[in-house]
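model_5.cif (mmCIF, N, CA, C and O atoms) appears below.
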```
data_entry
#
loop_
_atom_site.label_atom_id
_atom_site.label_comp_id
_atom_site.auth_asym_id
_atom_site.auth_seq_id
_atom_site.Cartn_x
_atom_site.Cartn_y
_atom_site.Cartn_z
N ARG Q 128 -0.30 -131.63 -10.74
CA ARG Q 128 -1.76 -131.81 -10.76
C ARG Q 128 -2.03 -133.29 -10.58
O ARG Q 128 -1.47 -134.13 -11.28
N GLY Q 129 -2.88 -133.61 -9.69
CA GLY Q 129 -3.21 -135.00 -9.42
C GLY Q 129 -4.32 -135.48 -10.33
O GLY Q 129 -4.73 -134.80 -11.26
N ALA Q 130 -4.81 -136.67 -10.04
CA ALA Q 130 -5.92 -137.20 -10.82
C ALA Q 130 -7.15 -136.35 -10.58
O ALA Q 130 -7.35 -135.82 -9.50
N PRO Q 131 -7.99 -136.19 -11.60
CA PRO Q 131 -9.19 -135.36 -11.42
C PRO Q 131 -10.07 -135.89 -10.32
O PRO Q 131 -10.18 -137.09 -10.12
N ALA Q 132 -10.69 -135.00 -9.60
CA ALA Q 132 -11.64 -135.40 -8.56
C ALA Q 132 -12.90 -135.92 -9.22
O ALA Q 132 -13.08 -135.80 -10.43
N ALA Q 133 -13.80 -136.46 -8.44
CA ALA Q 133 -15.00 -137.09 -8.98
C ALA Q 133 -15.97 -136.08 -9.59
O ALA Q 133 -16.80 -136.44 -10.41
N LEU Q 134 -15.91 -134.83 -9.20
CA LEU Q 134 -16.86 -133.83 -9.67
C LEU Q 134 -16.36 -133.14 -10.94
O LEU Q 134 -15.17 -132.88 -11.07
N PRO Q 135 -17.26 -132.82 -11.88
CA PRO Q 135 -16.83 -132.04 -13.04
C PRO Q 135 -16.38 -130.66 -12.57
O PRO Q 135 -16.92 -130.11 -11.62
N GLY Q 136 -15.37 -130.12 -13.21
CA GLY Q 136 -14.87 -128.81 -12.81
C GLY Q 136 -14.07 -128.87 -11.52
O GLY Q 136 -13.96 -127.88 -10.82
N ALA Q 137 -13.51 -130.03 -11.20
CA ALA Q 137 -12.73 -130.18 -9.98
C ALA Q 137 -11.40 -130.83 -10.30
O ALA Q 137 -11.26 -131.52 -11.30
N PHE Q 138 -10.42 -130.57 -9.46
CA PHE Q 138 -9.14 -131.25 -9.59
C PHE Q 138 -8.56 -131.45 -8.21
O PHE Q 138 -8.97 -130.81 -7.24
N SER Q 139 -7.64 -132.37 -8.10
CA SER Q 139 -7.00 -132.60 -6.81
C SER Q 139 -5.50 -132.40 -6.96
O SER Q 139 -4.96 -132.48 -8.06
N LEU Q 140 -4.86 -132.13 -5.86
CA LEU Q 140 -3.44 -131.85 -5.84
C LEU Q 140 -2.83 -132.58 -4.66
O LEU Q 140 -3.30 -132.44 -3.53
N SER Q 141 -1.83 -133.39 -4.93
CA SER Q 141 -1.11 -134.07 -3.85
C SER Q 141 0.26 -133.42 -3.74
O SER Q 141 0.94 -133.23 -4.75
N LEU Q 142 0.65 -133.08 -2.53
CA LEU Q 142 1.92 -132.42 -2.31
C LEU Q 142 2.86 -133.37 -1.59
O LEU Q 142 2.67 -133.66 -0.42
N ALA Q 143 3.88 -133.83 -2.28
CA ALA Q 143 4.87 -134.70 -1.65
C ALA Q 143 5.95 -133.81 -1.03
O ALA Q 143 6.19 -132.71 -1.47
N GLY Q 144 6.58 -134.30 0.01
CA GLY Q 144 7.69 -133.59 0.59
C GLY Q 144 7.40 -132.90 1.91
O GLY Q 144 8.30 -132.38 2.53
N PHE Q 145 6.15 -132.88 2.33
CA PHE Q 145 5.86 -132.29 3.63
C PHE Q 145 6.06 -133.37 4.68
O PHE Q 145 5.41 -134.40 4.68
N ILE Q 146 6.97 -133.11 5.60
CA ILE Q 146 7.32 -134.10 6.61
C ILE Q 146 6.12 -134.40 7.51
O ILE Q 146 5.83 -135.55 7.82
N GLU Q 147 5.39 -133.36 7.89
CA GLU Q 147 4.28 -133.54 8.82
C GLU Q 147 3.15 -134.37 8.21
O GLU Q 147 2.50 -135.14 8.90
N GLU Q 148 2.88 -134.16 6.92
CA GLU Q 148 1.75 -134.83 6.27
C GLU Q 148 2.14 -135.24 4.85
O GLU Q 148 1.68 -134.63 3.89
N PRO Q 149 2.94 -136.28 4.69
CA PRO Q 149 3.45 -136.63 3.36
C PRO Q 149 2.39 -137.06 2.36
O PRO Q 149 2.60 -136.97 1.16
N GLU Q 150 1.24 -137.50 2.82
CA GLU Q 150 0.19 -137.97 1.91
C GLU Q 150 -0.97 -136.99 1.80
O GLU Q 150 -2.04 -137.34 1.32
N ARG Q 151 -0.78 -135.77 2.24
CA ARG Q 151 -1.87 -134.78 2.24
C ARG Q 151 -2.33 -134.50 0.82
O ARG Q 151 -1.54 -134.35 -0.08
N LYS Q 152 -3.64 -134.44 0.64
CA LYS Q 152 -4.22 -134.19 -0.68
C LYS Q 152 -5.22 -133.05 -0.56
O LYS Q 152 -6.00 -132.99 0.39
N TYR Q 153 -5.16 -132.14 -1.51
CA TYR Q 153 -6.07 -131.00 -1.53
C TYR Q 153 -7.00 -131.16 -2.72
O TYR Q 153 -6.57 -131.49 -3.82
N CYS Q 154 -8.29 -130.93 -2.52
CA CYS Q 154 -9.26 -131.00 -3.60
C CYS Q 154 -9.82 -129.60 -3.84
O CYS Q 154 -10.22 -128.91 -2.90
N PHE Q 155 -9.82 -129.19 -5.09
CA PHE Q 155 -10.35 -127.89 -5.48
C PHE Q 155 -11.55 -128.12 -6.38
O PHE Q 155 -11.52 -128.98 -7.25
N GLU Q 156 -12.59 -127.36 -6.16
CA GLU Q 156 -13.77 -127.44 -7.01
C GLU Q 156 -13.97 -126.08 -7.66
O GLU Q 156 -13.94 -125.05 -7.00
N CYS Q 157 -14.15 -126.10 -8.95
CA CYS Q 157 -14.31 -124.87 -9.71
C CYS Q 157 -15.61 -124.93 -10.51
O CYS Q 157 -16.06 -126.01 -10.87
N ALA Q 158 -16.16 -123.78 -10.80
CA ALA Q 158 -17.40 -123.73 -11.56
C ALA Q 158 -17.16 -124.04 -13.04
O ALA Q 158 -18.04 -124.55 -13.72
N THR Q 159 -15.97 -123.72 -13.54
CA THR Q 159 -15.68 -123.93 -14.96
C THR Q 159 -14.27 -124.50 -15.13
O THR Q 159 -13.43 -124.41 -14.23
N GLU Q 160 -14.02 -125.03 -16.32
CA GLU Q 160 -12.69 -125.52 -16.66
C GLU Q 160 -11.70 -124.35 -16.67
O GLU Q 160 -10.55 -124.50 -16.26
N GLU Q 161 -12.17 -123.19 -17.10
CA GLU Q 161 -11.31 -122.00 -17.11
C GLU Q 161 -10.83 -121.66 -15.70
O GLU Q 161 -9.67 -121.33 -15.50
N GLN Q 162 -11.72 -121.75 -14.72
CA GLN Q 162 -11.32 -121.50 -13.33
C GLN Q 162 -10.29 -122.52 -12.86
O GLN Q 162 -9.35 -122.18 -12.15
N CYS Q 163 -10.46 -123.77 -13.28
CA CYS Q 163 -9.48 -124.81 -12.92
C CYS Q 163 -8.11 -124.44 -13.48
O CYS Q 163 -7.10 -124.53 -12.77
N GLN Q 164 -8.07 -124.03 -14.74
CA GLN Q 164 -6.80 -123.64 -15.35
C GLN Q 164 -6.19 -122.44 -14.64
O GLN Q 164 -4.97 -122.38 -14.46
N GLU Q 165 -7.02 -121.49 -14.24
CA GLU Q 165 -6.51 -120.31 -13.51
C GLU Q 165 -5.87 -120.73 -12.18
O GLU Q 165 -4.83 -120.23 -11.80
N TRP Q 166 -6.51 -121.67 -11.48
CA TRP Q 166 -5.96 -122.16 -10.22
C TRP Q 166 -4.63 -122.86 -10.44
O TRP Q 166 -3.66 -122.64 -9.71
N VAL Q 167 -4.60 -123.73 -11.45
CA VAL Q 167 -3.36 -124.47 -11.74
C VAL Q 167 -2.23 -123.49 -12.05
O VAL Q 167 -1.12 -123.62 -11.54
N GLU Q 168 -2.50 -122.49 -12.87
CA GLU Q 168 -1.48 -121.49 -13.21
C GLU Q 168 -1.05 -120.69 -11.99
O GLU Q 168 0.13 -120.41 -11.81
N ALA Q 169 -1.99 -120.33 -11.14
CA ALA Q 169 -1.65 -119.58 -9.92
C ALA Q 169 -0.77 -120.41 -8.99
O ALA Q 169 0.20 -119.90 -8.41
N LEU Q 170 -1.07 -121.70 -8.88
CA LEU Q 170 -0.26 -122.57 -8.04
C LEU Q 170 1.15 -122.74 -8.61
O LEU Q 170 2.13 -122.76 -7.87
N LYS Q 171 1.25 -122.83 -9.93
CA LYS Q 171 2.57 -122.92 -10.56
C LYS Q 171 3.37 -121.66 -10.29
O LYS Q 171 4.56 -121.72 -9.99
N ARG Q 172 2.72 -120.50 -10.44
CA ARG Q 172 3.42 -119.22 -10.23
C ARG Q 172 3.87 -119.07 -8.79
O ARG Q 172 4.85 -118.38 -8.51
N ALA Q 173 3.18 -119.68 -7.87
CA ALA Q 173 3.52 -119.58 -6.45
C ALA Q 173 4.58 -120.59 -6.03
O ALA Q 173 5.04 -120.56 -4.90
N SER Q 174 4.97 -121.46 -6.91
CA SER Q 174 5.92 -122.51 -6.55
C SER Q 174 7.30 -121.94 -6.24
O SER Q 174 7.71 -120.89 -6.73
N TYR Q 175 8.04 -122.66 -5.44
CA TYR Q 175 9.40 -122.28 -5.08
C TYR Q 175 10.27 -122.10 -6.33
O TYR Q 175 10.98 -121.12 -6.46
N GLU Q 176 10.18 -123.05 -7.23
CA GLU Q 176 11.05 -122.99 -8.42
C GLU Q 176 10.74 -121.77 -9.28
O GLU Q 176 11.65 -121.13 -9.79
N PHE Q 177 9.49 -121.43 -9.44
CA PHE Q 177 9.13 -120.24 -10.21
C PHE Q 177 9.70 -118.99 -9.54
O PHE Q 177 10.28 -118.13 -10.20
N LEU Q 178 9.53 -118.90 -8.22
CA LEU Q 178 10.04 -117.73 -7.50
C LEU Q 178 11.57 -117.68 -7.54
O LEU Q 178 12.16 -116.60 -7.69
N ARG Q 179 12.23 -118.83 -7.45
CA ARG Q 179 13.69 -118.88 -7.51
C ARG Q 179 14.18 -118.39 -8.86
O ARG Q 179 15.09 -117.57 -8.96
N ARG Q 180 13.55 -118.86 -9.93
CA ARG Q 180 13.95 -118.43 -11.27
C ARG Q 180 13.69 -116.94 -11.49
O ARG Q 180 14.47 -116.26 -12.15
N SER Q 181 12.60 -116.43 -10.93
CA SER Q 181 12.32 -115.00 -11.02
C SER Q 181 13.39 -114.20 -10.30
O SER Q 181 13.87 -113.18 -10.82
N LEU Q 182 13.77 -114.65 -9.12
CA LEU Q 182 14.83 -113.96 -8.37
C LEU Q 182 16.12 -113.95 -9.17
O LEU Q 182 16.78 -112.91 -9.28
N ILE Q 183 16.48 -115.06 -9.77
CA ILE Q 183 17.71 -115.15 -10.56
C ILE Q 183 17.63 -114.20 -11.76
O ILE Q 183 18.59 -113.49 -12.07
N PHE Q 184 16.49 -114.16 -12.43
CA PHE Q 184 16.33 -113.28 -13.58
C PHE Q 184 16.49 -111.81 -13.17
O PHE Q 184 17.25 -111.06 -13.78
N TYR Q 185 15.77 -111.40 -12.13
CA TYR Q 185 15.84 -110.00 -11.72
C TYR Q 185 17.21 -109.64 -11.13
O TYR Q 185 17.69 -108.53 -11.30
N ARG Q 186 17.84 -110.60 -10.48
CA ARG Q 186 19.20 -110.38 -9.98
C ARG Q 186 20.12 -110.06 -11.15
O ARG Q 186 20.92 -109.12 -11.10
N SER Q 187 20.01 -110.83 -12.21
CA SER Q 187 20.82 -110.63 -13.41
C SER Q 187 20.54 -109.27 -14.05
O SER Q 187 21.46 -108.55 -14.45
N GLU Q 188 19.27 -108.90 -14.13
CA GLU Q 188 18.90 -107.61 -14.71
C GLU Q 188 19.46 -106.45 -13.89
O GLU Q 188 19.97 -105.48 -14.46
N ILE Q 189 19.40 -106.56 -12.58
CA ILE Q 189 19.94 -105.50 -11.72
C ILE Q 189 21.45 -105.41 -11.88
O ILE Q 189 22.02 -104.31 -11.94
N GLN Q 190 22.11 -106.58 -11.98
CA GLN Q 190 23.57 -106.58 -12.18
C GLN Q 190 23.93 -105.89 -13.49
O GLN Q 190 24.90 -105.13 -13.55
N LYS Q 191 23.17 -106.14 -14.55
CA LYS Q 191 23.43 -105.50 -15.84
C LYS Q 191 23.27 -103.99 -15.75
O LYS Q 191 24.05 -103.24 -16.33
N MET Q 192 22.26 -103.53 -15.01
CA MET Q 192 21.97 -102.10 -14.92
C MET Q 192 22.92 -101.36 -13.98
O MET Q 192 23.29 -100.22 -14.25
N THR Q 193 23.31 -102.00 -12.88
CA THR Q 193 24.08 -101.30 -11.86
C THR Q 193 25.54 -101.75 -11.77
O THR Q 193 26.36 -101.05 -11.17
N GLY Q 194 25.82 -102.93 -12.30
CA GLY Q 194 27.17 -103.48 -12.17
C GLY Q 194 27.42 -104.10 -10.80
O GLY Q 194 28.53 -104.51 -10.50
N LYS Q 195 26.39 -104.17 -9.98
CA LYS Q 195 26.53 -104.73 -8.63
C LYS Q 195 25.56 -105.89 -8.44
O LYS Q 195 24.46 -105.88 -8.95
N ASP Q 196 26.00 -106.85 -7.64
CA ASP Q 196 25.14 -107.99 -7.30
C ASP Q 196 24.26 -107.58 -6.12
O ASP Q 196 24.76 -107.31 -5.03
N PRO Q 197 22.93 -107.54 -6.31
CA PRO Q 197 22.06 -107.10 -5.22
C PRO Q 197 22.04 -108.05 -4.03
O PRO Q 197 21.66 -107.65 -2.93
N LEU Q 198 22.46 -109.29 -4.20
CA LEU Q 198 22.46 -110.24 -3.09
C LEU Q 198 23.74 -110.17 -2.26
O LEU Q 198 23.79 -110.69 -1.15
N GLU Q 199 24.76 -109.52 -2.81
CA GLU Q 199 26.05 -109.47 -2.13
C GLU Q 199 25.95 -108.79 -0.76
O GLU Q 199 26.58 -109.22 0.19
N GLN Q 200 25.15 -107.76 -0.67
CA GLN Q 200 25.02 -107.04 0.61
C GLN Q 200 24.44 -107.90 1.73
O GLN Q 200 24.59 -107.59 2.90
N TYR Q 201 23.79 -109.00 1.35
CA TYR Q 201 23.22 -109.90 2.35
C TYR Q 201 24.12 -111.10 2.63
O TYR Q 201 23.78 -111.97 3.44
N GLY Q 202 25.25 -111.18 1.92
CA GLY Q 202 26.19 -112.28 2.13
C GLY Q 202 25.69 -113.62 1.61
O GLY Q 202 26.14 -114.66 2.06
N ILE Q 203 24.78 -113.59 0.64
CA ILE Q 203 24.21 -114.85 0.14
C ILE Q 203 24.41 -115.03 -1.36
O ILE Q 203 23.89 -115.97 -1.94
N SER Q 204 25.19 -114.17 -1.97
CA SER Q 204 25.31 -114.20 -3.43
C SER Q 204 25.96 -115.48 -3.97
O SER Q 204 25.73 -115.85 -5.11
N GLU Q 205 26.75 -116.16 -3.16
CA GLU Q 205 27.42 -117.38 -3.63
C GLU Q 205 26.65 -118.66 -3.31
O GLU Q 205 27.08 -119.74 -3.70
N GLU Q 206 25.53 -118.54 -2.62
CA GLU Q 206 24.78 -119.75 -2.26
C GLU Q 206 24.25 -120.44 -3.52
O GLU Q 206 23.77 -119.80 -4.44
N ALA Q 207 24.34 -121.76 -3.52
CA ALA Q 207 23.95 -122.56 -4.69
C ALA Q 207 22.51 -122.33 -5.11
O ALA Q 207 22.19 -122.31 -6.30
N ARG Q 208 21.63 -122.12 -4.16
CA ARG Q 208 20.21 -121.96 -4.52
C ARG Q 208 19.94 -120.71 -5.34
O ARG Q 208 18.90 -120.61 -5.98
N PHE Q 209 20.87 -119.76 -5.34
CA PHE Q 209 20.70 -118.54 -6.12
C PHE Q 209 21.44 -118.58 -7.46
O PHE Q 209 21.51 -117.59 -8.15
N GLN Q 210 21.97 -119.74 -7.81
CA GLN Q 210 22.67 -119.89 -9.09
C GLN Q 210 21.74 -120.53 -10.09
O GLN Q 210 20.90 -121.36 -9.74
N LEU Q 211 21.90 -120.16 -11.34
CA LEU Q 211 20.97 -120.62 -12.37
C LEU Q 211 20.88 -122.13 -12.48
O LEU Q 211 19.80 -122.68 -12.62
N GLY Q 212 21.98 -122.85 -12.41
CA GLY Q 212 21.95 -124.30 -12.58
C GLY Q 212 21.61 -125.07 -11.33
O GLY Q 212 21.50 -126.29 -11.37
N ALA Q 213 21.41 -124.39 -10.23
CA ALA Q 213 21.19 -125.07 -8.95
C ALA Q 213 19.74 -125.49 -8.78
O ALA Q 213 18.84 -124.91 -9.37
N HIS Q 214 19.54 -126.48 -7.96
CA HIS Q 214 18.19 -126.90 -7.55
C HIS Q 214 18.17 -126.86 -6.05
O HIS Q 214 19.20 -126.99 -5.41
N ARG Q 215 16.98 -126.75 -5.46
CA ARG Q 215 16.93 -126.67 -4.02
C ARG Q 215 17.26 -127.96 -3.46
O ARG Q 215 17.62 -128.65 -2.85
#
```

I'd like the structure from this file rewritten - as structure tokens, please.
Amino acid sequence: RGAPAALPGAFSLSLAGFIEEPERKYCFECATEEQCQEWVEALKRASYEFLRRSLIFYRSEIQKMTGKDPLEQYGISEEARFQLGAHR
């Protein structure tokens, strides 16, 4: 979450790491603080890291239930990005 925008009920978000537009900034305006919090939570849930951790969790649950690694059939089960301690 970036510095708050000038308007009440607004926030800005700067995304580092995009090669095409490294300084790109997005401004969101919400009617209430609650809406701002909902947006922030939705953006967090959509993040790569959240999705990666969800995949790892469900992979583990499937392995416990079936005894098989669901990623093995795709030949990607050993990739570092699918391991709990790995980072992208």

message = Would you pick out the contacts of Ile183 in chain Q at 12 Å or less, using only C-alpha atoms, so that residues sharing its chain but fewer than 2 positions from it are not included, and give the list as a ChimeraX atom specification?
response = /Q:176-181,185-190,196-198,204,206-213

request  = Grab the CA of Thr159 in chain Q to CA of Tyr175 in chain Q distance for me, in Å with one decimal place.
outcome  =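 That distance, rounded to one decimal, is 27.0 Å.
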
request  = Work out how far apart CA of Lys191 in chain Q and CA of Lys171 in chain Q are and give it in Å to one decimal.
outcome  =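 Taking CA of Lys191 in chain Q and CA of Lys171 in chain Q, their separation equals 27.7 Å.
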
task = Go ahead and compute the interatomic distance for atom C of Ser174 in chain Q and atom C of Glu199 in chain Q, in Å to one decimal.
result = 23.5 Å

task = From a DSSP pass on the backbone, collect the residues of range 151-194 of chain Q flagged as strand (DSSP E or B) and hand them back as a list of chain:residue names.
result =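 So the strand (DSSP E or B) residues in range 151-194 of chain Q would be Q:Lys152, Q:Tyr153, Q:Cys154, Q:Phe155, Q:Glu156.
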
Range 170-186 of chain Q, all listed atoms, 4 Å padding on each side: what axis-aligned box centre and edge lengths in Å to one decimal come out, as JSON?
```
{"center_x": 9.9, "center_y": -115.8, "center_z": -9.3, "size_x": 30.0, "size_y": 22.5, "size_z": 16.9}
```
